[in-house]
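**Q** Please find final05.txt (compact mmCIF, C-alpha atoms and all ligand atoms) on the next line:
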```
# COMPACT_ATOMS: atom_id res chain seq x y z
CA MET A 247 0.00 0.00 0.00
CA SER A 248 1.73 3.21 -1.11
CA SER A 249 1.29 6.55 0.64
CA GLY A 250 0.36 10.07 -0.37
CA ILE A 251 1.59 13.46 0.75
CA TYR A 252 -0.72 16.46 1.06
CA LEU A 253 0.46 20.06 1.35
CA HIS A 254 -1.98 22.78 2.35
CA ILE A 255 -1.30 26.23 0.92
CA PRO A 256 -3.90 28.47 2.56
CA PHE A 257 -3.57 31.69 0.59
CA CYS A 258 -6.16 33.06 -1.86
CA LYS A 259 -6.43 36.33 -3.80
CA SER A 260 -9.79 37.01 -2.12
CA ARG A 261 -12.31 34.97 -0.18
CA CYS A 262 -15.22 33.34 -2.02
CA SER A 263 -18.62 33.84 -0.43
CA TYR A 264 -19.28 30.11 0.18
CA CYS A 265 -15.85 29.09 1.41
CA ASP A 266 -15.28 27.60 4.84
CA PHE A 267 -11.83 26.13 4.15
CA ALA A 268 -8.79 27.12 6.17
CA THR A 269 -7.72 29.99 3.93
CA ASP A 270 -6.23 33.44 4.28
CA VAL A 271 -6.29 36.32 1.91
CA TRP A 272 -2.80 36.80 0.49
CA ARG A 273 -1.29 39.50 2.65
CA SER A 274 2.37 39.99 1.90
CA LYS A 275 5.31 38.27 0.28
CA ASP A 276 6.96 37.99 3.71
CA THR A 277 3.96 36.18 5.23
CA VAL A 278 4.00 33.65 2.41
CA GLU A 279 7.76 33.09 2.65
CA ARG A 280 7.48 32.57 6.38
CA TYR A 281 4.67 30.07 5.80
CA VAL A 282 6.70 28.16 3.17
CA ASP A 283 9.63 28.00 5.61
CA ALA A 284 7.26 26.70 8.30
CA ILE A 285 5.76 23.97 6.10
CA CYS A 286 9.29 22.85 5.15
CA THR A 287 10.30 22.74 8.83
CA GLY A 288 7.15 20.72 9.54
CA ILE A 289 8.15 18.22 6.83
CA ARG A 290 11.77 17.93 7.98
CA ASN A 291 10.75 17.42 11.63
CA SER A 292 7.90 15.07 10.83
CA LYS A 293 7.59 11.99 13.03
CA PHE A 294 5.88 10.10 10.21
CA GLU A 295 7.71 7.25 8.59
CA ILE A 296 6.58 6.20 5.16
CA ARG A 297 7.14 2.47 4.96
CA ASN A 298 6.61 2.18 1.23
CA LEU A 299 7.25 4.76 -1.41
CA ALA A 300 4.97 7.76 -1.56
CA ASP A 301 3.49 7.87 -5.04
CA THR A 302 1.32 10.99 -4.86
CA ILE A 303 1.95 14.59 -3.83
CA TYR A 304 -0.95 17.01 -3.74
CA PHE A 305 -0.75 20.80 -3.33
CA GLY A 306 -4.21 21.83 -2.11
CA GLY A 307 -5.63 24.99 -0.70
CA GLY A 308 -6.35 27.78 -0.77
CA THR A 309 -4.74 28.59 -4.07
CA PRO A 310 -1.36 26.85 -4.35
CA SER A 311 -0.83 28.37 -7.80
CA LEU A 312 -0.15 31.68 -6.05
CA LEU A 313 3.23 30.21 -5.03
CA ASN A 314 6.11 30.90 -7.37
CA SER A 315 8.18 28.01 -8.67
CA ALA A 316 11.05 28.72 -6.25
CA GLN A 317 8.64 28.24 -3.34
CA VAL A 318 7.22 25.04 -4.84
CA GLU A 319 10.78 23.81 -5.38
CA GLN A 320 11.68 24.57 -1.75
CA ILE A 321 8.74 22.44 -0.56
CA LEU A 322 9.47 19.59 -2.98
CA ASP A 323 13.14 19.59 -1.92
CA SER A 324 12.07 19.21 1.72
CA ILE A 325 9.82 16.30 0.81
CA ASN A 326 12.52 14.59 -1.24
CA SER A 327 15.08 14.99 1.53
CA LYS A 328 12.75 13.38 4.08
CA PHE A 329 10.74 10.73 2.20
CA ASP A 330 11.23 8.26 -0.65
CA ILE A 331 9.13 9.42 -3.56
CA SER A 332 8.28 7.18 -6.48
CA LYS A 333 9.77 8.28 -9.80
CA ASP A 334 6.36 8.23 -11.47
CA ALA A 335 4.56 10.04 -8.64
CA GLU A 336 1.36 11.86 -9.50
CA ILE A 337 2.05 15.48 -8.48
CA THR A 338 -1.11 17.58 -8.47
CA MET A 339 -1.50 21.29 -7.92
CA GLU A 340 -4.83 23.04 -7.41
CA MET A 341 -4.94 26.10 -9.64
CA ASN A 342 -7.50 28.85 -9.97
CA PRO A 343 -8.29 30.83 -13.13
CA ALA A 344 -6.22 33.98 -13.57
CA THR A 345 -3.57 32.97 -11.03
CA VAL A 346 -0.97 31.53 -13.40
CA THR A 347 1.17 32.69 -16.32
CA PRO A 348 2.90 30.68 -19.06
CA GLU A 349 6.14 31.22 -17.12
CA SER A 350 4.79 29.97 -13.77
CA LEU A 351 3.23 26.94 -15.46
CA ALA A 352 6.49 26.12 -17.23
CA GLY A 353 8.22 26.38 -13.84
CA TYR A 354 5.79 23.96 -12.17
CA ARG A 355 6.11 21.49 -15.05
CA ALA A 356 9.91 21.60 -14.83
CA LEU A 357 9.61 20.67 -11.15
CA GLY A 358 7.53 17.61 -11.99
CA VAL A 359 3.98 18.88 -11.39
CA ASN A 360 2.07 16.67 -13.82
CA ARG A 361 -1.59 17.18 -12.90
CA ALA A 362 -3.66 20.35 -12.50
CA SER A 363 -6.85 20.48 -10.48
CA PHE A 364 -8.51 23.52 -11.97
CA GLY A 365 -11.15 25.49 -10.03
CA VAL A 366 -13.55 26.44 -12.81
CA GLN A 367 -16.72 26.10 -10.64
CA THR A 368 -19.07 27.55 -13.29
CA PHE A 369 -18.96 29.25 -16.69
CA ASP A 370 -21.78 31.58 -15.66
CA ASP A 371 -20.44 35.09 -15.00
CA ARG A 372 -23.49 36.05 -12.92
CA ALA A 373 -22.85 33.13 -10.55
CA LEU A 374 -19.09 33.76 -10.43
CA LYS A 375 -19.83 37.29 -9.28
CA LEU A 376 -22.32 36.09 -6.69
CA LEU A 377 -19.73 33.64 -5.36
CA ALA A 378 -17.07 36.41 -5.26
CA ARG A 379 -14.72 34.12 -7.15
CA GLY A 380 -12.53 36.97 -8.37
CA HIS A 381 -12.44 35.74 -11.98
CA ASP A 382 -14.82 35.42 -14.89
CA ALA A 383 -15.59 32.58 -17.27
CA ASN A 384 -13.22 33.92 -19.89
CA ASP A 385 -10.36 33.76 -17.38
CA ALA A 386 -11.16 30.07 -16.95
CA ARG A 387 -11.14 29.49 -20.72
CA MET A 388 -7.85 31.34 -21.17
CA THR A 389 -6.16 29.66 -18.20
CA PHE A 390 -7.20 26.23 -19.48
CA LYS A 391 -5.63 27.03 -22.84
CA MET A 392 -2.48 28.11 -21.01
CA LEU A 393 -2.44 24.81 -19.13
CA ARG A 394 -2.64 22.84 -22.38
CA ASP A 395 0.00 25.04 -24.04
CA ALA A 396 2.30 24.40 -21.06
CA GLY A 397 1.94 20.65 -21.61
CA PHE A 398 -0.53 19.76 -18.84
CA ASP A 399 -2.17 16.64 -20.27
CA ASN A 400 -3.90 15.62 -17.04
CA VAL A 401 -6.31 18.34 -15.98
CA SER A 402 -9.29 18.07 -13.66
CA PHE A 403 -12.15 20.58 -13.55
CA ASP A 404 -14.07 21.41 -10.37
CA LEU A 405 -17.69 22.39 -11.07
CA ILE A 406 -20.44 23.25 -8.57
CA ALA A 407 -24.13 22.46 -9.11
CA GLY A 408 -27.08 23.88 -7.20
CA LEU A 409 -25.87 27.48 -7.10
CA PRO A 410 -28.45 30.06 -5.98
CA GLY A 411 -30.68 30.88 -8.95
CA GLN A 412 -28.97 28.29 -11.19
CA THR A 413 -31.50 26.63 -13.50
CA LEU A 414 -31.27 23.15 -14.95
CA ASP A 415 -30.68 24.72 -18.33
CA VAL A 416 -27.70 26.76 -17.08
CA TRP A 417 -26.25 23.65 -15.40
CA GLN A 418 -26.57 21.69 -18.65
CA ARG A 419 -24.77 24.44 -20.53
CA ASN A 420 -21.99 24.34 -17.94
CA LEU A 421 -21.62 20.61 -18.42
CA ASP A 422 -21.67 20.95 -22.20
CA GLU A 423 -18.95 23.57 -22.17
CA ALA A 424 -16.81 21.51 -19.78
CA ILE A 425 -17.25 18.39 -21.93
CA ALA A 426 -16.37 20.33 -25.08
CA MET A 427 -13.10 21.42 -23.44
CA SER A 428 -12.36 17.73 -22.78
CA PRO A 429 -10.48 17.71 -19.46
CA GLU A 430 -9.25 14.29 -18.36
CA HIS A 431 -11.13 14.46 -15.05
CA LEU A 432 -14.12 16.24 -13.51
CA SER A 433 -15.07 16.71 -9.86
CA LEU A 434 -18.65 17.84 -9.53
CA TYR A 435 -20.08 19.02 -6.25
CA LEU A 436 -23.46 20.13 -5.01
CA LEU A 437 -23.23 23.49 -3.28
CA GLU A 438 -23.21 23.24 0.48
CA ILE A 439 -24.02 26.32 2.48
CA HIS A 440 -21.79 26.55 5.54
CA GLU A 441 -22.77 28.52 8.60
CA GLY A 442 -20.70 31.64 9.11
CA THR A 443 -20.04 32.28 5.40
CA PRO A 444 -21.33 35.40 3.60
CA LEU A 445 -23.45 33.17 1.36
CA ALA A 446 -25.21 31.64 4.39
CA GLU A 447 -26.06 35.14 5.56
CA GLN A 448 -27.36 36.10 2.10
CA VAL A 449 -29.63 33.05 2.05
CA ARG A 450 -30.83 33.64 5.62
CA SER A 451 -31.74 37.24 4.82
CA ASN A 452 -33.51 36.16 1.60
CA ARG A 453 -31.09 38.06 -0.61
CA GLN A 454 -30.39 34.70 -2.30
CA PRO A 455 -32.82 31.81 -2.76
CA THR A 456 -32.50 28.72 -0.60
CA PRO A 457 -31.06 25.83 -2.65
CA ASP A 458 -33.76 23.45 -3.88
CA PRO A 459 -32.83 19.81 -3.09
CA GLU A 460 -35.14 18.42 -5.78
CA LEU A 461 -33.53 20.57 -8.44
CA ALA A 462 -30.09 19.53 -7.14
CA ALA A 463 -31.12 15.88 -7.50
CA GLU A 464 -32.23 16.53 -11.10
CA MET A 465 -28.88 18.22 -11.77
CA TYR A 466 -27.06 15.16 -10.43
CA GLU A 467 -29.06 12.87 -12.73
CA VAL A 468 -28.38 15.08 -15.76
CA MET A 469 -24.70 15.14 -14.87
CA LEU A 470 -24.50 11.34 -14.73
CA ASP A 471 -26.21 10.97 -18.11
CA ARG A 472 -24.23 13.70 -19.89
CA LEU A 473 -20.81 12.66 -18.62
CA ILE A 474 -21.26 8.96 -19.16
CA ALA A 475 -22.55 9.62 -22.69
CA ALA A 476 -19.42 11.72 -23.29
CA GLY A 477 -17.15 8.79 -22.37
CA TYR A 478 -16.31 9.66 -18.77
CA GLU A 479 -16.36 6.92 -16.14
CA GLN A 480 -17.78 7.62 -12.74
CA TYR A 481 -15.34 6.12 -10.25
CA GLU A 482 -16.62 7.90 -7.15
CA ILE A 483 -19.85 9.67 -6.23
CA SER A 484 -18.55 13.11 -7.27
CA ASN A 485 -15.66 12.17 -9.55
CA PHE A 486 -15.47 11.23 -13.23
CA SER A 487 -12.50 10.56 -15.45
CA LYS A 488 -11.47 9.39 -18.84
CA PRO A 489 -10.16 5.81 -18.54
CA GLY A 490 -6.87 5.73 -16.63
CA TYR A 491 -7.14 9.28 -15.30
CA GLU A 492 -8.67 8.63 -11.86
CA SER A 493 -7.06 10.78 -9.18
CA ARG A 494 -4.52 8.47 -7.56
CA HIS A 495 -4.18 10.81 -4.60
CA ASN A 496 -7.86 11.26 -3.79
CA THR A 497 -8.48 7.53 -4.19
CA LYS A 498 -6.16 6.99 -1.21
CA TYR A 499 -8.70 8.73 1.04
CA TRP A 500 -11.47 6.36 -0.04
CA THR A 501 -9.37 3.20 0.25
CA LEU A 502 -7.84 4.24 3.59
CA ASP A 503 -4.26 4.27 2.36
CA PRO A 504 -1.90 6.40 4.45
CA VAL A 505 -1.80 10.10 3.58
CA PHE A 506 0.50 12.48 5.41
CA GLY A 507 -0.54 16.13 5.47
CA PHE A 508 1.60 19.19 6.07
CA GLY A 509 0.62 22.80 6.61
CA VAL A 510 -2.16 24.57 8.41
CA SER A 511 -5.27 22.42 9.05
CA ALA A 512 -3.74 19.47 7.19
CA HIS A 513 -4.89 16.00 8.23
CA SER A 514 -2.86 12.80 8.25
CA PHE A 515 -3.75 9.14 8.49
CA ASP A 516 -1.00 6.60 9.16
CA GLY A 517 -3.12 3.46 8.83
CA ARG A 518 -4.27 3.50 12.45
CA GLU A 519 -4.75 7.04 13.71
CA ARG A 520 -5.77 10.42 12.36
CA TYR A 521 -3.90 13.63 13.11
CA ALA A 522 -4.85 17.23 12.42
CA ASN A 523 -2.84 20.42 12.50
CA GLU A 524 -3.79 23.81 13.92
CA ARG A 525 -6.43 25.58 11.74
CA ASP A 526 -5.25 29.17 12.10
CA THR A 527 -2.35 30.10 9.80
CA ALA A 528 -0.59 32.56 12.14
CA LYS A 529 -0.84 30.11 15.07
CA TYR A 530 0.33 27.24 12.84
CA VAL A 531 3.48 29.18 11.87
CA GLU A 532 4.12 30.16 15.48
CA LEU A 533 3.73 26.57 16.71
CA ILE A 534 6.11 25.24 14.07
CA GLU A 535 8.66 27.97 14.82
CA THR A 536 8.54 27.47 18.58
CA GLN A 537 7.62 23.81 19.08
CA THR A 538 8.40 22.21 15.68
CA SER A 539 4.98 20.51 15.50
CA ALA A 540 1.53 22.05 14.99
CA GLU A 541 -0.45 18.87 15.63
CA ILE A 542 -3.50 19.55 17.78
CA ILE A 543 -5.63 16.44 17.30
CA ARG A 544 -4.69 12.79 17.39
CA GLU A 545 -7.41 10.16 17.46
CA ALA A 546 -7.80 6.48 16.86
CA ILE A 547 -10.57 5.78 14.37
CA ASP A 548 -12.98 2.91 13.85
CA ILE A 549 -11.20 1.70 10.73
CA ALA A 550 -13.80 -0.95 9.83
CA SER A 551 -16.60 1.61 9.87
CA GLU A 552 -14.63 4.16 7.82
CA TYR A 553 -13.63 1.46 5.36
CA VAL A 554 -17.31 0.82 4.70
CA PHE A 555 -18.66 4.31 4.27
CA LEU A 556 -15.62 5.52 2.34
CA GLY A 557 -15.54 2.39 0.19
CA LEU A 558 -19.21 2.83 -0.68
CA ARG A 559 -18.33 6.16 -2.30
CA LEU A 560 -16.42 4.23 -4.97
CA GLU A 561 -18.19 2.97 -8.07
CA GLY A 562 -16.94 -0.56 -7.40
CA GLY A 563 -18.20 -0.45 -3.82
CA ILE A 564 -16.74 -2.91 -1.32
CA ASP A 565 -15.39 -6.37 -1.92
CA LEU A 566 -16.96 -8.42 0.87
CA ARG A 567 -14.18 -11.03 0.89
CA GLN A 568 -11.52 -8.34 1.23
CA TYR A 569 -13.50 -6.83 4.09
CA THR A 570 -13.57 -10.19 5.89
CA GLU A 571 -9.85 -10.76 5.30
CA ARG A 572 -8.97 -7.33 6.62
CA PHE A 573 -11.30 -7.14 9.62
CA GLY A 574 -12.02 -10.77 10.47
CA GLU A 575 -15.80 -10.36 10.39
CA ASP A 576 -18.67 -10.67 7.96
CA LEU A 577 -19.98 -7.26 6.91
CA ILE A 578 -23.43 -8.54 5.94
CA ALA A 579 -23.85 -10.39 9.24
CA LYS A 580 -22.68 -7.36 11.22
CA TYR A 581 -25.22 -5.00 9.68
CA ARG A 582 -27.88 -7.51 8.59
CA ASP A 583 -31.00 -5.47 9.44
CA GLU A 584 -29.64 -2.15 8.20
CA ILE A 585 -28.40 -3.66 4.93
CA GLU A 586 -31.75 -5.33 4.30
CA ARG A 587 -33.55 -2.04 4.87
CA LEU A 588 -31.20 -0.18 2.52
CA ARG A 589 -31.59 -2.86 -0.12
CA ASP A 590 -35.38 -2.82 0.18
CA SER A 591 -35.29 0.96 -0.25
CA GLY A 592 -33.30 0.53 -3.46
CA LEU A 593 -30.26 2.37 -2.11
CA ILE A 594 -27.72 -0.45 -2.21
CA ASP A 595 -27.11 -3.46 -4.34
CA ILE A 596 -25.41 -6.72 -3.33
CA ASN A 597 -24.03 -8.67 -6.20
CA VAL A 598 -21.97 -11.85 -5.71
CA ASN A 599 -19.24 -10.53 -3.43
CA ARG A 600 -19.75 -6.81 -3.72
CA ILE A 601 -21.92 -4.26 -2.00
CA LYS A 602 -22.37 -0.92 -3.74
CA LEU A 603 -24.62 2.09 -4.02
CA THR A 604 -27.34 2.06 -6.64
CA ARG A 605 -27.96 5.14 -8.78
CA LYS A 606 -30.64 6.18 -6.27
CA GLY A 607 -28.22 5.42 -3.42
CA LYS A 608 -25.69 7.87 -4.89
CA LEU A 609 -28.34 10.59 -4.65
CA TYR A 610 -29.17 9.76 -1.04
CA SER A 611 -25.69 8.64 -0.04
CA ASN A 612 -25.68 10.47 3.28
CA GLU A 613 -28.63 8.34 4.39
CA VAL A 614 -26.62 5.21 3.59
CA PHE A 615 -23.38 6.40 5.19
CA ALA A 616 -25.18 7.35 8.39
CA VAL A 617 -25.90 3.65 8.95
CA PHE A 618 -22.21 2.77 9.07
CA VAL A 619 -20.77 5.78 10.92
S1 LIG B 701 -10.46 29.93 -4.10
FE1 LIG B 701 -11.16 28.06 -3.05
S2 LIG B 701 -10.07 28.04 -1.11
FE2 LIG B 701 -9.87 30.13 -1.94
S3 LIG B 701 -11.53 31.27 -0.99
FE3 LIG B 701 -12.30 30.49 -2.95
S4 LIG B 701 -13.27 28.49 -2.47
FE4 LIG B 701 -12.00 29.08 -0.71
```
Turn this file's structure into structure tokens for me.
Ligand code: SF4
**A**
Amino acid sequence: MSSGIYLHIPFCKSRCSYCDFATDVWRSKDTVERYVDAICTGIRNSKFEIRNLADTIYFGGGTPSLLNSAQVEQILDSINSKFDISKDAEITMEMNPATVTPESLAGYRALGVNRASFGVQTFDDRALKLLARGHDANDARMTFKMLRDAGFDNVSFDLIAGLPGQTLDVWQRNLDEAIAMSPEHLSLYLLEIHEGTPLAEQVRSNRQPTPDPELAAEMYEVMLDRLIAAGYEQYEISNFSKPGYESRHNTKYWTLDPVFGFGVSAHSFDGRERYANERDTAKYVELIETQTSAEIIREAIDIASEYVFLGLRLEGGIDLRQYTERFGEDLIAKYRDEIERLRDSGLIDINVNRIKLTRKGKLYSNEVFAVFV
């Protein structure tokens, strides 16, 4: 079982109205350099030992593409000096429209970044404004062209469905435009409104409509039909790829492979326990500078339970024999009543030695997962 490495880069040009991630608006060059030094110190002082090679590195955020290539190189050098990295590692960087140049992209490529996770979100300028994304649809089109020109041949789009005021027709046009651009991978999310965000306040005060769950369900159905007809394979509830372009890094989260996270709010899983770092950037830097570690949470998890509800996210579901081999118990016997109820409701399917979500189960997945948590 190979491992993954996650690096959290918290800075963004501005804050989107729906965002509840650990992010900071880009303040000064000095702040960023101090943060990059801190993340490198965190890597060098890490207590984690990677038994097998790490074969994925993922720069997430925030907006990692605000880092220049010297800063990315500094981080990659720290990783390479501490861990054994596979020669064919998948190295992903999240990038937002209008945050890169041909020069910065060439720099990332030269350092080995071979996959871009591109935050398109929507091609609708009205919605981009509402979300305070800080870019328009044309920026997304131009940045995608830049990515291709720079040689990125493994690009994933993030798109959000269920935006306030978004009609089914607008969603279909978004999908059509994304498909026409032909990225290798698509991650498609339904909008979630998080307490404490400006968007939550706008919805509460009726300045934006409350999302309609029935419309969101229709959007999900349309998305499945359109993408599958266009040749994409759904390999996880929210993720689609052309054959062979599944995200190797994200798959590790669903198969419970070890992933070691560095940076503010980053989480790690070593195969037995989960760890989480401090969520506030200034405190994270201070902790690393004064105590070398910024870990604030360490907890043992119920691995069997997580294996089930994470595994059910995958298109292939769970291999019941593998479950028995790994945990020494029979999954069906353990949850007999619950599984029967879910099957009778048409939410799961049991076929030979596999248990998986049905198409309806993907729509109501939270109801299924709640049984196993
Ligand atoms: S770009 Fe992403 S991480 Fe940054 S504020 Fe917007 S949603 Fe949050």
**Q** For ligand LIG 701 (chain B), return the neighbouring residues as JSON, numbers by chain (distance at most 6 Å; only C-alpha atoms and all ligand atoms).
**A** {"A": [258, 261, 262, 265, 267, 269, 307, 308, 309]}
**Q** Could you tell me which of A:Phe257, A:Tyr553, A:Tyr466, A:Tyr530 comes closest to Tyr499 of chain A if we count only C-alpha atoms?
**A**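 With only C-alpha atoms as the atom set, the closest residue is A:Tyr553.
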**Q** For a quick check of understanding, using only C-alpha atoms, which of A:Asp270, A:Asn485, A:Gly477, A:Glu467 has the smallest distance to Phe403 of chain A?
**A**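 When distances to Phe403 of chain A are compared using only C-alpha atoms, the smallest one comes from A:Asn485.
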**Q** Kindly indicate which residue among A:Val282, A:Leu577, A:Leu445, A:Leu588 lies nearest to Ala378 of chain A, using only C-alpha atoms for the distances.
**A**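 Checking each candidate against Ala378 of chain A, we get A:Leu445 as the closest.
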**Q** Give me the residues within 8 Å of Ala268 of chain A as an MDAnalysis selection string, counting all atoms listed in the file and dropping any in the same chain fewer than 5 places off.
**A** chainID A and resid 256 307:308 510:511 525:527
**Q** Export, as a PDB file, in the frame of the given file, the selected residues with C-alpha atoms.
**A**
```pdb
ATOM      1  CA  PRO A 256      -3.900  28.470   2.560  1.00  0.00           C
ATOM      2  CA  GLY A 307      -5.630  24.990  -0.700  1.00  0.00           C
ATOM      3  CA  GLY A 308      -6.350  27.780  -0.770  1.00  0.00           C
ATOM      4  CA  VAL A 510      -2.160  24.570   8.410  1.00  0.00           C
ATOM      5  CA  SER A 511      -5.270  22.420   9.050  1.00  0.00           C
ATOM      6  CA  ARG A 525      -6.430  25.580  11.740  1.00  0.00           C
ATOM      7  CA  ASP A 526      -5.250  29.170  12.100  1.00  0.00           C
ATOM      8  CA  THR A 527      -2.350  30.100   9.800  1.00  0.00           C
TER       9      THR A 527
END
```
**Q** Taking all atoms listed in the file into account, name the residue in A:Ser274, A:Gln412, A:Asn291, A:Ser311 that is nearest to Leu374 of chain A.
**A**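 The closest residue to Leu374 of chain A is A:Gln412.
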**Q** Would you list the residues near (-11.4, 27.2, -10.0), meaning any protein, DNA or RNA residue with an atom at most 9 Å from that point in file coordinates, counting all atoms listed in the file, as a list in words?
**A**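 All residues meeting the 9 Å criterion around (-11.4, 27.2, -10.0) are Glu340, Met341, Asn342, Pro343, Ser363, Phe364, Gly365, Val366, Gln367, Thr368, Arg379, His381, Ala386, Phe403, Asp404 and Leu405 of chain A.
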**Q** Please report the interatomic distance between atom CA of Leu560 of chain A and atom CA of Gly507 of chain A in Å with one decimal.
**A**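 Answer for the atom CA of Leu560 of chain A to atom CA of Gly507 of chain A separation: 22.4 Å.
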**Q** Give me the residues near Gln320 of chain A as a CSV table (one decimal) with C-alpha atoms, in the coordinates of the input, where near means some atom within 10 Å (using all atoms listed in the file) and where sequence neighbours in that chain fewer than 5 positions away do not count.
**A**
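Listing of selection10.csv after writing:
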```
chain,number,residue,atom,x,y,z
A,282,VAL,CA,6.7,28.2,3.2
A,283,ASP,CA,9.6,28.0,5.6
A,285,ILE,CA,5.8,24.0,6.1
A,286,CYS,CA,9.3,22.8,5.2
A,315,SER,CA,8.2,28.0,-8.7
A,325,ILE,CA,9.8,16.3,0.8
```
**Q** Segment 574-587 of chain A, all listed atoms, 5 Å padding on each side: what axis-aligned box centre and edge lengths in Å to one decimal come out, as JSON?
**A**
```
{"center_x": -22.8, "center_y": -6.4, "center_z": 7.8, "size_x": 31.5, "size_y": 18.7, "size_z": 16.9}
```
**Q** Near segment 344-349 of chain A, counting only C-alpha atoms, which residues have an atom at most 12 Å away, once you skip same-chain residues fewer than 5 positions from it, shown as JSON, numbers by chain?
**A** {"A": [257, 258, 259, 260, 308, 309, 310, 311, 312, 313, 314, 315, 339, 354, 355, 356, 362, 364, 365, 366, 379, 380, 381, 382, 383, 384, 385, 386, 387, 388, 389, 390, 391, 392, 393, 394, 395, 396, 397, 398]}
**Q** From the options A:Leu609, A:Asp471, A:Phe508, A:Asp595, which residue's atoms come nearest to Asp422 of chain A, counting all atoms listed in the file?
**A**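 Among A:Leu609, A:Asp471, A:Phe508, A:Asp595, it is A:Asp471 that comes nearest to Asp422 of chain A.
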**Q** Show me, as a ChimeraX atom specification, the residues that have an atom within 7 Å of Glu541 of chain A when counting only C-alpha atoms, minus same-chain residues fewer than 6 positions from it.
**A** /A:521-524
**Q** Kindly give the distance, in Å, that separates atom CA of Trp500 of chain A and atom CA of Ala616 of chain A, rounded to a single decimal.
**A** 16.1 Å
**Q** Rank A:Val318, A:Met247, A:Ala424, A:Leu432 by their smallest atom-to-atom distance to Ser493 of chain A, using only C-alpha atoms, and report the top residue only.
**A**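 Comparing A:Val318, A:Met247, A:Ala424, A:Leu432 against Ser493 of chain A, the winner is A:Leu432.
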**Q** Expressed in Å to a single decimal, how great is the separation between atom CA of Val617 of chain A and atom CA of Glu584 of chain A?
**A**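 Rounded to one decimal, the two atoms are 6.9 Å apart.
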**Q** Quick one: everything within 9 Å of Val614 of chain A, counting all atoms listed in the file, minus sequence neighbours fewer than 3 positions away in the same chain. Send it as a list in words.
**A**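 The residues satisfying every condition are Phe555, Leu558, Leu588, Leu593, Ile594, Leu603, Gly607, Lys608, Tyr610, Ser611, Val617 and Phe618 of chain A.
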**Q** Anything within 7 Å of (-8.3, 18.2, -19.0): list those residues as a PyMOL selection string, counting only C-alpha atoms and sticking to the file's coordinates.
**A** chain A and resi 399-402+428-431
